[in-house]
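Data first, discussion second: the structure below is written as C-alpha cells.
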Amino acid sequence: MRVHDCTAAAFGRGTWHDPGVSALGIHHVGIAVRDIEGARERYERLFGARVEARERVEEQGVEAIALLLGDEGRVELLAPLGEDTPVGRFLARRGEGMHHLAFAVADLPAELAGLRAAGATLIDERPRSGIYGAVAFVHHESLGGVLSELVQATTSTEA
C-alpha cells in the first residue's frame, strides 16, 4: 500500500517537505470586533475564557485583549481606536470576524529572513512590539488570503 507523503510525515515515516517557517504551532487567532467589552464578555460566558493581557496600541490604532481558552488556546480580540486604522478599515470592508492567524516561532528574525528569501511579502521587515512581545506580520497575498502573524515564543506553552 502506498502512503501519501504528508500522511507518512504525520506518522513519522518520512519527511514531507522542508518548511519555509519552522512554526512551533498556532499561537492565537485574531478576531476583529467593534465592541471589545461585549466580545470579551461573550468569550468568557460561552467558552470560559480568561483575560491574559490587555493593551492599547496607539501607533497601530487598536485596543487588544488576549484571552486564554483552556490550557493552551488563545484568542486575541482587536477593536479599532478609529475608522482610519488597519482594524477599522478591515471592519469597514469585511465586518467582524477572523482578522489573522498567528504562529509561534522560536527565532523570529531568522524566520522573517527565510520568508523574505522565499519571496513572501512582509508587512513588518523587522520584529515589533505586540501584546505577546516580539511579533511581525506577513501580507495576506503571500498566504492565500490569510493575514498571518509570527510571534516570538518565550515559553514552551506558547506554541
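The way I read the labels, and the way they are meant: chains A, B, ... in the order of the C-alpha cells, residue 1 as the first residue of every chain, and ligand 1 as the first ligand shown, with later ones counted on from there.
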
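Non-sequential neighbours of region 27-31 of chain A (distance at most 6 Å, separation of 6 or more positions within a chain, only C-alpha atoms) are A:Arg74, A:Val75, A:Glu76, A:Leu77, A:Leu78, A:Gly97, A:Met98, A:His99, A:His100, A:Leu101, A:Ala102, A:Phe103, A:Ala104, A:Ala159.
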
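Among the candidates A:Leu68, A:Leu143, A:Val33, A:Val57, the one nearest to Arg128 (chain A) when counting only C-alpha atoms is A:Val57.
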
Self-check item: Within 12 Å of Glu41 (chain A) using only C-alpha atoms, minus same-chain residues under 6 positions, as a VMD selection string
Solution: chain A and resid 35 47 to 51 65 67 77

Writer output for current selection, C-alpha atoms, as a PDB file, in the first residue's frame:
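Listing of again38.pdb after writing:
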```pdb
ATOM      1  CA  ASP A  35     -17.377  46.215  20.807  1.00  0.00           C
ATOM      2  CA  PHE A  47     -16.057  29.437  26.453  1.00  0.00           C
ATOM      3  CA  GLY A  48     -14.780  30.184  29.960  1.00  0.00           C
ATOM      4  CA  ALA A  49     -12.070  32.453  28.530  1.00  0.00           C
ATOM      5  CA  ARG A  50      -9.754  34.324  30.904  1.00  0.00           C
ATOM      6  CA  VAL A  51      -8.071  37.643  30.196  1.00  0.00           C
ATOM      7  CA  ILE A  65      -7.404  41.780  24.685  1.00  0.00           C
ATOM      8  CA  LEU A  67      -7.847  35.650  26.046  1.00  0.00           C
ATOM      9  CA  LEU A  77      -9.786  40.459  20.325  1.00  0.00           C
TER      10      LEU A  77
END
```

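Closest approach to Gly73 (chain A) from the set A:Ala117, A:Ile26, A:Glu141, A:Val151 is made by A:Ile26, with distances taken over only C-alpha atoms.
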
Practice problem: Would you mind telling me which residue in A:Ala39, A:Arg126, A:Leu112, A:Arg56 lies nearest to Ala23 (chain A) when using only C-alpha atoms? | Solution: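 Of A:Ala39, A:Arg126, A:Leu112, A:Arg56, the one nearest Ala23 (chain A), counting only C-alpha atoms, is A:Leu112.
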
Surrounding residues of Val138 (chain A) excluding itself and chain neighbours under 3 positions, 10 Å, only C-alpha atoms, as a PDB file with C-alpha atoms, in the first residue's frame:
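Result went into out02.pdb, see below:
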```pdb
ATOM      1  CA  HIS A 100      -5.385  36.968  11.369  1.00  0.00           C
ATOM      2  CA  ALA A 102      -0.678  33.754  14.441  1.00  0.00           C
ATOM      3  CA  LEU A 112      11.484  36.695   8.647  1.00  0.00           C
ATOM      4  CA  LEU A 115      10.232  34.209   4.351  1.00  0.00           C
ATOM      5  CA  ARG A 116      11.789  37.213   2.621  1.00  0.00           C
ATOM      6  CA  ALA A 120       6.861  36.336   0.822  1.00  0.00           C
ATOM      7  CA  THR A 121       5.615  39.900   1.191  1.00  0.00           C
ATOM      8  CA  LEU A 122       6.331  41.051   4.727  1.00  0.00           C
ATOM      9  CA  ILE A 123       4.329  43.816   6.366  1.00  0.00           C
ATOM     10  CA  ASP A 124       6.978  44.045   9.064  1.00  0.00           C
ATOM     11  CA  GLU A 125      10.569  43.767   7.839  1.00  0.00           C
ATOM     12  CA  GLU A 141      -1.454  37.846  -0.511  1.00  0.00           C
ATOM     13  CA  SER A 142       1.530  35.632   0.361  1.00  0.00           C
ATOM     14  CA  LEU A 143      -0.637  33.135   2.241  1.00  0.00           C
ATOM     15  CA  VAL A 146      -4.942  34.911   5.297  1.00  0.00           C
ATOM     16  CA  LEU A 147      -3.135  37.689   7.154  1.00  0.00           C
ATOM     17  CA  SER A 148      -0.574  35.916   9.319  1.00  0.00           C
ATOM     18  CA  GLU A 149       1.451  36.941  12.333  1.00  0.00           C
ATOM     19  CA  LEU A 150       4.632  35.400  13.673  1.00  0.00           C
TER      20      LEU A 150
END
```

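From CA of Pro127 (chain A) back to CA of Ala113 (chain A), the distance works out to 11.1 Å.
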
Quiz item: Restricting the calculation to only C-alpha atoms, which member of A:Glu72, A:Asp84, A:Glu111, A:Glu63 is positioned closest to Arg34 (chain A)?
Solution: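 Of A:Glu72, A:Asp84, A:Glu111, A:Glu63, the one nearest Arg34 (chain A), counting only C-alpha atoms, is A:Glu63.
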
Exercise. Just give me the gap between CA of Gly119 (chain A) and CA of Gly95 (chain A) in Å, one decimal is fine.
Key: 29.8 Å

Quiz prompt | Those of region 10-137 of chain A in DSSP helix (DSSP H, G or I), formatted as a PyMOL selection string | solution = chain A and resi 10+36-47+58-60+86-94+108-117

What does the file look like for those residues with N, CA and C atoms, as a JSON list (two decimals), in the first residue's frame?
```json
[["chain", "number", "residue", "atom", "x", "y", "z"],
["A", 10, "ALA", "N", 3.14, 12.64, 9.00],
["A", 10, "ALA", "CA", 2.33, 12.75, 10.21],
["A", 10, "ALA", "C", 2.59, 11.57, 11.15],
["A", 36, "ILE", "N", -15.34, 45.66, 22.01],
["A", 36, "ILE", "CA", -14.38, 44.74, 22.63],
["A", 36, "ILE", "C", -14.88, 44.21, 23.98],
["A", 37, "GLU", "N", -15.57, 45.03, 24.73],
["A", 37, "GLU", "CA", -16.08, 44.56, 26.03],
["A", 37, "GLU", "C", -17.20, 43.54, 25.85],
["A", 38, "GLY", "N", -18.07, 43.77, 24.88],
["A", 38, "GLY", "CA", -19.12, 42.80, 24.59],
["A", 38, "GLY", "C", -18.54, 41.48, 24.11],
["A", 39, "ALA", "N", -17.51, 41.55, 23.26],
["A", 39, "ALA", "CA", -16.87, 40.34, 22.76],
["A", 39, "ALA", "C", -16.16, 39.60, 23.89],
["A", 40, "ARG", "N", -15.46, 40.35, 24.75],
["A", 40, "ARG", "CA", -14.78, 39.72, 25.90],
["A", 40, "ARG", "C", -15.78, 38.98, 26.76],
["A", 41, "GLU", "N", -16.89, 39.62, 27.05],
["A", 41, "GLU", "CA", -17.92, 39.00, 27.90],
["A", 41, "GLU", "C", -18.47, 37.73, 27.25],
["A", 42, "ARG", "N", -18.70, 37.76, 25.93],
["A", 42, "ARG", "CA", -19.21, 36.57, 25.25],
["A", 42, "ARG", "C", -18.24, 35.41, 25.33],
["A", 43, "TYR", "N", -16.94, 35.68, 25.10],
["A", 43, "TYR", "CA", -15.95, 34.60, 25.17],
["A", 43, "TYR", "C", -15.81, 34.07, 26.60],
["A", 44, "GLU", "N", -15.91, 34.94, 27.58],
["A", 44, "GLU", "CA", -15.87, 34.47, 28.98],
["A", 44, "GLU", "C", -17.08, 33.61, 29.30],
["A", 45, "ARG", "N", -18.26, 34.06, 28.90],
["A", 45, "ARG", "CA", -19.51, 33.35, 29.21],
["A", 45, "ARG", "C", -19.64, 32.05, 28.43],
["A", 46, "LEU", "N", -19.34, 32.10, 27.15],
["A", 46, "LEU", "CA", -19.57, 30.92, 26.31],
["A", 46, "LEU", "C", -18.44, 29.89, 26.34],
["A", 47, "PHE", "N", -17.20, 30.35, 26.53],
["A", 47, "PHE", "CA", -16.06, 29.44, 26.45],
["A", 47, "PHE", "C", -15.21, 29.39, 27.72],
["A", 58, "GLU", "N", -1.56, 52.76, 20.51],
["A", 58, "GLU", "CA", -1.93, 53.99, 19.79],
["A", 58, "GLU", "C", -1.35, 54.02, 18.37],
["A", 59, "GLU", "N", -0.06, 53.62, 18.21],
["A", 59, "GLU", "CA", 0.56, 53.70, 16.88],
["A", 59, "GLU", "C", -0.08, 52.76, 15.87],
["A", 60, "GLN", "N", -0.76, 51.70, 16.32],
["A", 60, "GLN", "CA", -1.49, 50.80, 15.42],
["A", 60, "GLN", "C", -2.98, 51.10, 15.42],
["A", 86, "PRO", "N", -5.82, 50.24, 10.63],
["A", 86, "PRO", "CA", -5.89, 48.94, 9.94],
["A", 86, "PRO", "C", -7.12, 48.10, 10.33],
["A", 87, "VAL", "N", -7.41, 47.99, 11.60],
["A", 87, "VAL", "CA", -8.57, 47.18, 12.02],
["A", 87, "VAL", "C", -9.87, 47.91, 11.68],
["A", 88, "GLY", "N", -9.89, 49.23, 11.77],
["A", 88, "GLY", "CA", -11.08, 50.00, 11.38],
["A", 88, "GLY", "C", -11.42, 49.79, 9.91],
["A", 89, "ARG", "N", -10.40, 49.83, 9.04],
["A", 89, "ARG", "CA", -10.62, 49.60, 7.62],
["A", 89, "ARG", "C", -11.04, 48.15, 7.35],
["A", 90, "PHE", "N", -10.44, 47.21, 8.09],
["A", 90, "PHE", "CA", -10.82, 45.80, 7.95],
["A", 90, "PHE", "C", -12.31, 45.63, 8.26],
["A", 91, "LEU", "N", -12.77, 46.21, 9.37],
["A", 91, "LEU", "CA", -14.17, 46.10, 9.76],
["A", 91, "LEU", "C", -15.09, 46.73, 8.72],
["A", 92, "ALA", "N", -14.69, 47.86, 8.15],
["A", 92, "ALA", "CA", -15.50, 48.52, 7.13],
["A", 92, "ALA", "C", -15.63, 47.65, 5.88],
["A", 93, "ARG", "N", -14.57, 46.95, 5.50],
["A", 93, "ARG", "CA", -14.58, 46.12, 4.29],
["A", 93, "ARG", "C", -15.23, 44.76, 4.53],
["A", 94, "ARG", "N", -14.91, 44.14, 5.65],
["A", 94, "ARG", "CA", -15.29, 42.73, 5.85],
["A", 94, "ARG", "C", -16.23, 42.47, 7.02],
["A", 108, "LEU", "N", 12.30, 34.59, 15.59],
["A", 108, "LEU", "CA", 11.54, 35.48, 14.71],
["A", 108, "LEU", "C", 12.40, 36.15, 13.64],
["A", 109, "PRO", "N", 13.55, 36.75, 13.96],
["A", 109, "PRO", "CA", 14.36, 37.37, 12.89],
["A", 109, "PRO", "C", 14.77, 36.36, 11.81],
["A", 110, "ALA", "N", 15.14, 35.17, 12.21],
["A", 110, "ALA", "CA", 15.54, 34.15, 11.23],
["A", 110, "ALA", "C", 14.36, 33.74, 10.36],
["A", 111, "GLU", "N", 13.19, 33.61, 10.93],
["A", 111, "GLU", "CA", 12.00, 33.22, 10.16],
["A", 111, "GLU", "C", 11.63, 34.33, 9.17],
["A", 112, "LEU", "N", 11.76, 35.59, 9.57],
["A", 112, "LEU", "CA", 11.48, 36.69, 8.65],
["A", 112, "LEU", "C", 12.47, 36.67, 7.48],
["A", 113, "ALA", "N", 13.72, 36.42, 7.76],
["A", 113, "ALA", "CA", 14.73, 36.34, 6.70],
["A", 113, "ALA", "C", 14.41, 35.19, 5.74],
["A", 114, "GLY", "N", 13.99, 34.06, 6.28],
["A", 114, "GLY", "CA", 13.63, 32.92, 5.44],
["A", 114, "GLY", "C", 12.42, 33.21, 4.57],
["A", 115, "LEU", "N", 11.42, 33.86, 5.13],
["A", 115, "LEU", "CA", 10.23, 34.21, 4.35],
["A", 115, "LEU", "C", 10.57, 35.21, 3.25],
["A", 116, "ARG", "N", 11.37, 36.21, 3.60],
["A", 116, "ARG", "CA", 11.79, 37.21, 2.62],
["A", 116, "ARG", "C", 12.53, 36.53, 1.47],
["A", 117, "ALA", "N", 13.45, 35.63, 1.80],
["A", 117, "ALA", "CA", 14.23, 34.91, 0.77],
["A", 117, "ALA", "C", 13.34, 34.03, -0.09]]
```

Quiz item: Which polymer residues have any atom within 8 Å of an atom of Ile131 (chain A), counting only C-alpha atoms, with same-chain residues fewer than 6 positions away left out, as a PyMOL selection string?
Solution: chain A and resi 53-55+64+66

Exercise. Assign secondary structure with DSSP using the backbone only, and return the residues of chain A in strand (DSSP E) as a PyMOL selection string.
Key: chain A and resi 23-32+50-57+62-69+73-80+97-105+128-130+133-138+148-152

Any chance you could export the current selection's C-alpha atoms as a PDB file, in the first residue's frame?
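Dumped everything to selection-v1.pdb:
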```
ATOM      1  CA  ALA A  23       6.300  27.145  13.240  1.00  0.00           C
ATOM      2  CA  LEU A  24       6.016  25.676  16.715  1.00  0.00           C
ATOM      3  CA  GLY A  25       2.235  25.738  16.438  1.00  0.00           C
ATOM      4  CA  ILE A  26      -0.705  28.071  16.226  1.00  0.00           C
ATOM      5  CA  HIS A  27      -0.254  30.808  18.826  1.00  0.00           C
ATOM      6  CA  HIS A  28      -3.626  32.551  18.548  1.00  0.00           C
ATOM      7  CA  VAL A  29      -6.449  33.610  16.280  1.00  0.00           C
ATOM      8  CA  GLY A  30      -7.049  37.357  15.960  1.00  0.00           C
ATOM      9  CA  ILE A  31     -10.696  38.457  15.830  1.00  0.00           C
ATOM     10  CA  ALA A  32     -11.735  41.963  14.744  1.00  0.00           C
ATOM     11  CA  ARG A  50      -9.754  34.324  30.904  1.00  0.00           C
ATOM     12  CA  VAL A  51      -8.071  37.643  30.196  1.00  0.00           C
ATOM     13  CA  GLU A  52      -4.329  37.092  29.795  1.00  0.00           C
ATOM     14  CA  ALA A  53      -3.383  40.646  28.811  1.00  0.00           C
ATOM     15  CA  ARG A  54      -4.872  43.892  27.627  1.00  0.00           C
ATOM     16  CA  GLU A  55      -3.132  46.620  25.660  1.00  0.00           C
ATOM     17  CA  ARG A  56      -3.948  49.850  23.853  1.00  0.00           C
ATOM     18  CA  VAL A  57      -1.530  50.404  20.953  1.00  0.00           C
ATOM     19  CA  VAL A  62      -6.039  49.288  18.180  1.00  0.00           C
ATOM     20  CA  GLU A  63      -7.120  48.010  21.568  1.00  0.00           C
ATOM     21  CA  ALA A  64      -6.333  44.335  22.116  1.00  0.00           C
ATOM     22  CA  ILE A  65      -7.404  41.780  24.685  1.00  0.00           C
ATOM     23  CA  ALA A  66      -5.584  38.439  24.810  1.00  0.00           C
ATOM     24  CA  LEU A  67      -7.847  35.650  26.046  1.00  0.00           C
ATOM     25  CA  LEU A  68      -6.822  32.191  27.236  1.00  0.00           C
ATOM     26  CA  LEU A  69      -9.154  29.301  26.448  1.00  0.00           C
ATOM     27  CA  GLY A  73      -5.818  28.087  23.287  1.00  0.00           C
ATOM     28  CA  ARG A  74      -5.712  31.826  22.669  1.00  0.00           C
ATOM     29  CA  VAL A  75      -7.967  34.363  21.005  1.00  0.00           C
ATOM     30  CA  GLU A  76      -6.911  37.973  20.529  1.00  0.00           C
ATOM     31  CA  LEU A  77      -9.786  40.459  20.325  1.00  0.00           C
ATOM     32  CA  LEU A  78      -8.982  43.591  18.303  1.00  0.00           C
ATOM     33  CA  ALA A  79     -11.059  46.777  18.329  1.00  0.00           C
ATOM     34  CA  PRO A  80     -10.127  49.869  16.318  1.00  0.00           C
ATOM     35  CA  GLY A  97     -14.644  38.114  12.255  1.00  0.00           C
ATOM     36  CA  MET A  98     -11.282  36.454  11.843  1.00  0.00           C
ATOM     37  CA  HIS A  99      -8.572  39.047  11.250  1.00  0.00           C
ATOM     38  CA  HIS A 100      -5.385  36.968  11.369  1.00  0.00           C
ATOM     39  CA  LEU A 101      -3.810  33.645  12.281  1.00  0.00           C
ATOM     40  CA  ALA A 102      -0.678  33.754  14.441  1.00  0.00           C
ATOM     41  CA  PHE A 103       2.115  31.187  14.571  1.00  0.00           C
ATOM     42  CA  ALA A 104       4.637  30.796  17.383  1.00  0.00           C
ATOM     43  CA  VAL A 105       8.252  30.661  16.226  1.00  0.00           C
ATOM     44  CA  ARG A 128       7.960  44.999  16.511  1.00  0.00           C
ATOM     45  CA  SER A 129       6.377  45.027  19.927  1.00  0.00           C
ATOM     46  CA  GLY A 130       2.936  43.475  20.310  1.00  0.00           C
ATOM     47  CA  GLY A 133       6.131  40.528  22.835  1.00  0.00           C
ATOM     48  CA  ALA A 134       8.050  40.496  19.535  1.00  0.00           C
ATOM     49  CA  VAL A 135       5.767  39.997  16.510  1.00  0.00           C
ATOM     50  CA  ALA A 136       5.751  40.519  12.738  1.00  0.00           C
ATOM     51  CA  PHE A 137       3.019  40.294  10.106  1.00  0.00           C
ATOM     52  CA  VAL A 138       3.083  38.599   6.705  1.00  0.00           C
ATOM     53  CA  SER A 148      -0.574  35.916   9.319  1.00  0.00           C
ATOM     54  CA  GLU A 149       1.451  36.941  12.333  1.00  0.00           C
ATOM     55  CA  LEU A 150       4.632  35.400  13.673  1.00  0.00           C
ATOM     56  CA  VAL A 151       5.055  35.556  17.450  1.00  0.00           C
ATOM     57  CA  GLN A 152       8.404  35.027  19.152  1.00  0.00           C
TER      58      GLN A 152
END
```
